[in-house]
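Since the structure comes first, as structure tokens, the remarks are kept for the end.
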Amino acid sequence: MADAFEQKATYDKRTAVYHKGNHDNPKHIFKMLGEMIAQRQAEDSSFALIDIGGANGEFVHYLLTRFNGLEAFCLDYSEDLLNIGRSKVPQAHFVCGDARQLSMFEDGRFNYATMLGVISIFDDFTEPLDELIRVTAKGGAAYIFSSFNDYPIDTLLRWRYSGDNGEYNLGWNHFSKASISAHLDADPRVSSHTYVDFELPFDLPYRADDPIRSWTETTAEGNRILKNGLKNLELQILCINT
């Protein structure tokens, strides 16, 4: 299992992409999740949400533009990113912490909890998943955005660029729906869960300078697929009702 130092080293190397910030150009996944929340929550009602692994607060910034009554929290491992968020989104709360240990928050503190592109960093998905559920209130919902394996196989992945003799990076573990669903089905705090497909409605260019970044390709059948230098990305939103 990767220890905290290995995870932090990888995290610090990959967070440079968030240092500039892109708060005024929301990602498509932000809009999808905003719509899911809007179907459950009136835009002028009061509720609390935490984005776990939220980097510089781009997602909570987007949500605050949509929901007037939102009490927004962004938790991340990097103080540098949190400081960017504090300057860009002063109306949100920024907390430094580990997704596997959210002891600063009581049970059921939030109506909604999100984890976008984060769970694949960890070798044991149960730790962050259990904490995500714990801080979500009864009758609320948690959302995890990641790539999940349709086959009953869990993969732990390490990668580095050719020619790089340094440490291998984390971040693209591939957990199966079978394992995750079995864990959720055994948790009495979870009333139901489902997986929602994610597909970009536009193209992303290939980045030769950083092929770990995602891009799109079009198949012979005209379907747009998302991939990176490791694999095809069959991304989904795991929706957990508590």
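Numbering starts fresh at 1 for the residues of each chain in the structure tokens, the chains themselves are lettered A, B, ... in the order given, and ligands are numbered from 1 as they appear.
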
If you run DSSP on the backbone here, which positions in segment 30-226 of chain A get strand (DSSP E)? Please write them as a short mmCIF file (atom, residue, chain, number, x, y, z; two decimals) with N, CA and C atoms, in the first residue's frame.
```cif
data_model
loop_
_atom_site.label_atom_id
_atom_site.label_comp_id
_atom_site.auth_asym_id
_atom_site.auth_seq_id
_atom_site.Cartn_x
_atom_site.Cartn_y
_atom_site.Cartn_z
N PHE A 47 -28.19 24.79 2.24
CA PHE A 47 -27.64 23.45 2.39
C PHE A 47 -26.13 23.54 2.42
N ALA A 48 -25.49 22.45 2.87
CA ALA A 48 -24.03 22.41 3.00
C ALA A 48 -23.46 21.33 2.11
N LEU A 49 -22.30 21.62 1.51
CA LEU A 49 -21.61 20.68 0.62
C LEU A 49 -20.12 20.75 0.86
N ILE A 50 -19.47 19.60 0.79
CA ILE A 50 -18.01 19.55 0.83
C ILE A 50 -17.49 18.87 -0.42
N ASP A 51 -16.48 19.47 -1.04
CA ASP A 51 -15.77 18.86 -2.16
C ASP A 51 -14.43 18.37 -1.62
N ILE A 52 -14.27 17.06 -1.56
CA ILE A 52 -13.09 16.43 -0.97
C ILE A 52 -12.04 16.23 -2.06
N LEU A 70 -25.93 28.08 -0.51
CA LEU A 70 -24.92 27.04 -0.30
C LEU A 70 -23.86 27.46 0.71
N GLU A 71 -23.62 26.58 1.69
CA GLU A 71 -22.46 26.68 2.57
C GLU A 71 -21.43 25.70 2.01
N ALA A 72 -20.38 26.23 1.39
CA ALA A 72 -19.45 25.41 0.61
C ALA A 72 -18.12 25.22 1.33
N PHE A 73 -17.65 23.96 1.35
CA PHE A 73 -16.35 23.61 1.91
C PHE A 73 -15.52 22.93 0.83
N CYS A 74 -14.24 23.24 0.81
CA CYS A 74 -13.29 22.58 -0.08
C CYS A 74 -12.15 22.04 0.78
N LEU A 75 -11.95 20.72 0.74
CA LEU A 75 -10.86 20.10 1.49
C LEU A 75 -9.80 19.60 0.52
N ASP A 76 -8.54 19.86 0.84
CA ASP A 76 -7.45 19.38 0.00
C ASP A 76 -6.21 19.15 0.84
N HIS A 93 -15.28 27.88 2.47
CA HIS A 93 -14.39 27.47 3.56
C HIS A 93 -13.36 26.49 2.99
N PHE A 94 -12.08 26.74 3.24
CA PHE A 94 -11.01 25.88 2.73
C PHE A 94 -10.29 25.22 3.91
N VAL A 95 -10.20 23.90 3.84
CA VAL A 95 -9.67 23.10 4.95
C VAL A 95 -8.58 22.18 4.42
N CYS A 96 -7.44 22.15 5.10
CA CYS A 96 -6.36 21.23 4.74
C CYS A 96 -6.57 19.91 5.47
N PHE A 110 -22.78 17.32 6.20
CA PHE A 110 -23.08 17.92 4.90
C PHE A 110 -24.27 17.23 4.22
N ASN A 111 -25.05 18.02 3.53
CA ASN A 111 -26.13 17.46 2.71
C ASN A 111 -25.59 16.74 1.49
N TYR A 112 -24.46 17.25 0.99
CA TYR A 112 -23.83 16.66 -0.20
C TYR A 112 -22.32 16.60 0.01
N ALA A 113 -21.72 15.53 -0.50
CA ALA A 113 -20.26 15.41 -0.49
C ALA A 113 -19.81 14.91 -1.86
N THR A 114 -18.74 15.48 -2.36
CA THR A 114 -18.25 15.12 -3.69
C THR A 114 -16.77 14.77 -3.63
N MET A 115 -16.36 13.93 -4.57
CA MET A 115 -14.97 13.51 -4.69
C MET A 115 -14.70 13.29 -6.18
N LEU A 116 -14.02 14.23 -6.81
CA LEU A 116 -13.87 14.23 -8.27
C LEU A 116 -12.43 13.89 -8.65
N THR A 136 -21.80 12.63 5.16
CA THR A 136 -23.01 12.96 4.39
C THR A 136 -24.24 12.67 5.24
N ALA A 137 -25.13 13.63 5.32
CA ALA A 137 -26.32 13.51 6.16
C ALA A 137 -27.29 12.48 5.62
N LYS A 138 -28.09 11.91 6.51
CA LYS A 138 -29.17 11.00 6.10
C LYS A 138 -30.13 11.77 5.20
N GLY A 139 -30.48 11.19 4.07
CA GLY A 139 -31.32 11.87 3.10
C GLY A 139 -30.54 12.71 2.11
N GLY A 140 -29.21 12.71 2.25
CA GLY A 140 -28.37 13.47 1.35
C GLY A 140 -27.81 12.59 0.24
N ALA A 141 -26.76 13.08 -0.41
CA ALA A 141 -26.16 12.33 -1.52
C ALA A 141 -24.67 12.63 -1.60
N ALA A 142 -23.92 11.62 -2.02
CA ALA A 142 -22.49 11.76 -2.28
C ALA A 142 -22.23 11.37 -3.73
N TYR A 143 -21.28 12.06 -4.36
CA TYR A 143 -20.98 11.82 -5.77
C TYR A 143 -19.48 11.60 -5.93
N ILE A 144 -19.11 10.51 -6.61
CA ILE A 144 -17.71 10.21 -6.90
C ILE A 144 -17.55 10.15 -8.41
N PHE A 145 -16.62 10.95 -8.93
CA PHE A 145 -16.33 10.97 -10.37
C PHE A 145 -15.01 10.25 -10.58
N SER A 146 -15.06 9.15 -11.34
CA SER A 146 -13.85 8.34 -11.55
C SER A 146 -14.11 7.37 -12.69
N SER A 147 -13.10 6.57 -12.98
CA SER A 147 -13.23 5.47 -13.93
C SER A 147 -13.41 4.18 -13.13
N PHE A 148 -14.48 3.44 -13.42
CA PHE A 148 -14.78 2.20 -12.69
C PHE A 148 -14.75 1.03 -13.67
N ASN A 149 -14.24 -0.09 -13.20
CA ASN A 149 -14.10 -1.27 -14.05
C ASN A 149 -15.40 -2.07 -14.07
N PHE A 175 -10.69 0.70 -9.80
CA PHE A 175 -11.45 -0.19 -8.93
C PHE A 175 -12.70 -0.68 -9.65
N SER A 176 -13.10 -1.90 -9.33
CA SER A 176 -14.25 -2.50 -10.01
C SER A 176 -15.56 -2.08 -9.35
N SER A 192 -29.11 3.57 -1.41
CA SER A 192 -29.02 3.10 -2.79
C SER A 192 -27.82 3.75 -3.46
N HIS A 193 -27.41 3.18 -4.59
CA HIS A 193 -26.36 3.82 -5.39
C HIS A 193 -26.52 3.41 -6.84
N THR A 194 -26.01 4.26 -7.72
CA THR A 194 -26.09 3.99 -9.15
C THR A 194 -24.91 4.65 -9.85
N TYR A 195 -24.61 4.18 -11.06
CA TYR A 195 -23.51 4.73 -11.86
C TYR A 195 -24.11 5.44 -13.08
N VAL A 196 -23.66 6.66 -13.32
CA VAL A 196 -24.15 7.46 -14.44
C VAL A 196 -22.99 7.69 -15.41
N ASP A 197 -23.20 7.38 -16.68
CA ASP A 197 -22.15 7.55 -17.69
C ASP A 197 -21.81 9.02 -17.89
N TRP A 215 -7.45 13.46 -23.54
CA TRP A 215 -7.85 13.99 -24.84
C TRP A 215 -8.96 13.10 -25.40
N THR A 216 -9.58 13.53 -26.49
CA THR A 216 -10.64 12.74 -27.12
C THR A 216 -10.21 12.27 -28.50
N GLU A 217 -10.76 11.14 -28.90
CA GLU A 217 -10.62 10.62 -30.26
C GLU A 217 -12.00 10.16 -30.72
N THR A 218 -12.20 10.16 -32.03
CA THR A 218 -13.48 9.73 -32.60
C THR A 218 -13.30 8.38 -33.27
N ARG A 224 -17.32 9.55 -29.66
CA ARG A 224 -16.19 10.25 -29.05
C ARG A 224 -15.74 9.47 -27.82
N ILE A 225 -14.46 9.14 -27.75
CA ILE A 225 -13.92 8.46 -26.58
C ILE A 225 -12.88 9.35 -25.91
N LEU A 226 -12.80 9.22 -24.60
CA LEU A 226 -11.86 9.99 -23.80
C LEU A 226 -10.73 9.05 -23.38
#
```

* To do: Pick out the residues sitting within 9 Å of Phe67 of chain A, and hand them over as JSON, numbers by chain; count only C-alpha atoms, and ignore anything fewer than 2 positions along from it in its own chain.
  => {"A": [38, 41, 42, 43, 44, 45, 46, 63, 64, 65, 69, 70]}

Please provide as a compact mmCIF listing (two decimals) with C-alpha atoms, in the first residue's frame all residues within 12 Å of His174 of chain A, with the sequence filter that same-chain residues fewer than 6 positions apart are discarded (counting only C-alpha atoms).
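Final output, result.txt:
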```txt
# COMPACT_ATOMS: atom_id res chain seq x y z
CA GLY A 117 -10.90 12.32 -9.68
CA VAL A 118 -9.62 11.56 -6.20
CA ILE A 119 -10.48 8.01 -5.16
CA SER A 120 -8.09 6.53 -7.75
CA ILE A 121 -5.15 8.07 -5.85
CA PHE A 122 -5.63 5.62 -2.99
CA ASP A 123 -4.72 1.94 -2.94
CA ASP A 124 -7.57 1.21 -0.51
CA PHE A 125 -10.77 2.83 -1.73
CA SER A 146 -13.85 8.34 -11.55
CA SER A 147 -13.23 5.47 -13.93
CA PHE A 148 -14.78 2.20 -12.69
CA ASN A 149 -14.10 -1.27 -14.05
CA ASP A 150 -17.13 -3.14 -15.39
CA TYR A 151 -15.23 -6.39 -14.83
CA PRO A 152 -14.61 -7.81 -11.32
CA ILE A 153 -10.94 -6.83 -11.29
CA ASP A 154 -9.25 -4.16 -9.15
CA THR A 155 -6.02 -2.66 -10.52
CA LEU A 156 -3.34 -0.70 -8.66
CA LEU A 157 -1.32 1.34 -11.15
CA ARG A 158 2.02 3.17 -11.04
CA ILE A 180 -17.30 -0.89 -4.67
CA LEU A 230 -2.36 5.12 -19.91
CA LYS A 231 -5.74 3.88 -21.10
CA ASN A 232 -9.19 4.68 -22.42
CA LEU A 233 -11.16 6.54 -19.76
CA GLU A 234 -14.65 5.19 -19.23
CA LEU A 235 -15.60 7.82 -16.69
```

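Atom CA of His28 of chain A is found 9.4 Å from atom CA of Phe198 of chain A.
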
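Distances from A:Gly229, A:Leu81, A:Asp107, A:Asn223 to Tyr161 of chain A were compared using only C-alpha atoms, and the smallest one belongs to A:Gly229.
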
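Remark: for Asp98 of chain A, the closest of the candidate residues A:Leu132, A:Val60, A:Ala186, A:Ile84 is A:Leu132 (distances computed over only C-alpha atoms).
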
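Taking atom CA of Val89 of chain A and atom CA of Pro26 of chain A as endpoints, the distance between them is 13.8 Å.
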
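Comparing the minimum interatomic distances between Ser103 of chain A and each of A:Pro90, A:Asn83, A:Ala208, A:Val135, counting only C-alpha atoms, we find that A:Val135 sits nearest.
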
* **Those of segment 40-236 of chain A in DSSP helix (DSSP H, G or I), formatted as a PyMOL selection string** => chain A and resi 58-66+79-88+119-121+126-134+177-185

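We find atom CA of Gly57 of chain A and atom CA of Met36 of chain A to be spaced 19.0 Å apart.
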
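Minimum atom-to-atom distance to Leu170 of chain A, evaluated using only C-alpha atoms, belongs to A:Ile212 out of A:Tyr62, A:Leu238, A:Ile212, A:Glu35.
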
At a cut-off of 10 Å, using only C-alpha atoms, what residues contact Asp130 of chain A? Leave out same-chain residues fewer than 6 positions from it and give the result as a short mmCIF file (atom, residue, chain, number, x, y, z; two decimals) with C-alpha atoms, in the first residue's frame.
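Once everything was written out, this is result_38.cif:
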```
data_model
loop_
_atom_site.label_atom_id
_atom_site.label_comp_id
_atom_site.auth_asym_id
_atom_site.auth_seq_id
_atom_site.Cartn_x
_atom_site.Cartn_y
_atom_site.Cartn_z
CA ALA A 99 -9.67 12.38 2.49
CA ARG A 100 -9.17 9.25 4.61
CA GLN A 101 -9.48 11.11 7.91
CA HIS A 183 -18.86 -2.41 0.00
CA LEU A 184 -21.77 0.02 -0.40
CA ASP A 187 -23.12 -0.24 4.60
CA ARG A 189 -25.90 4.20 5.94
#
```
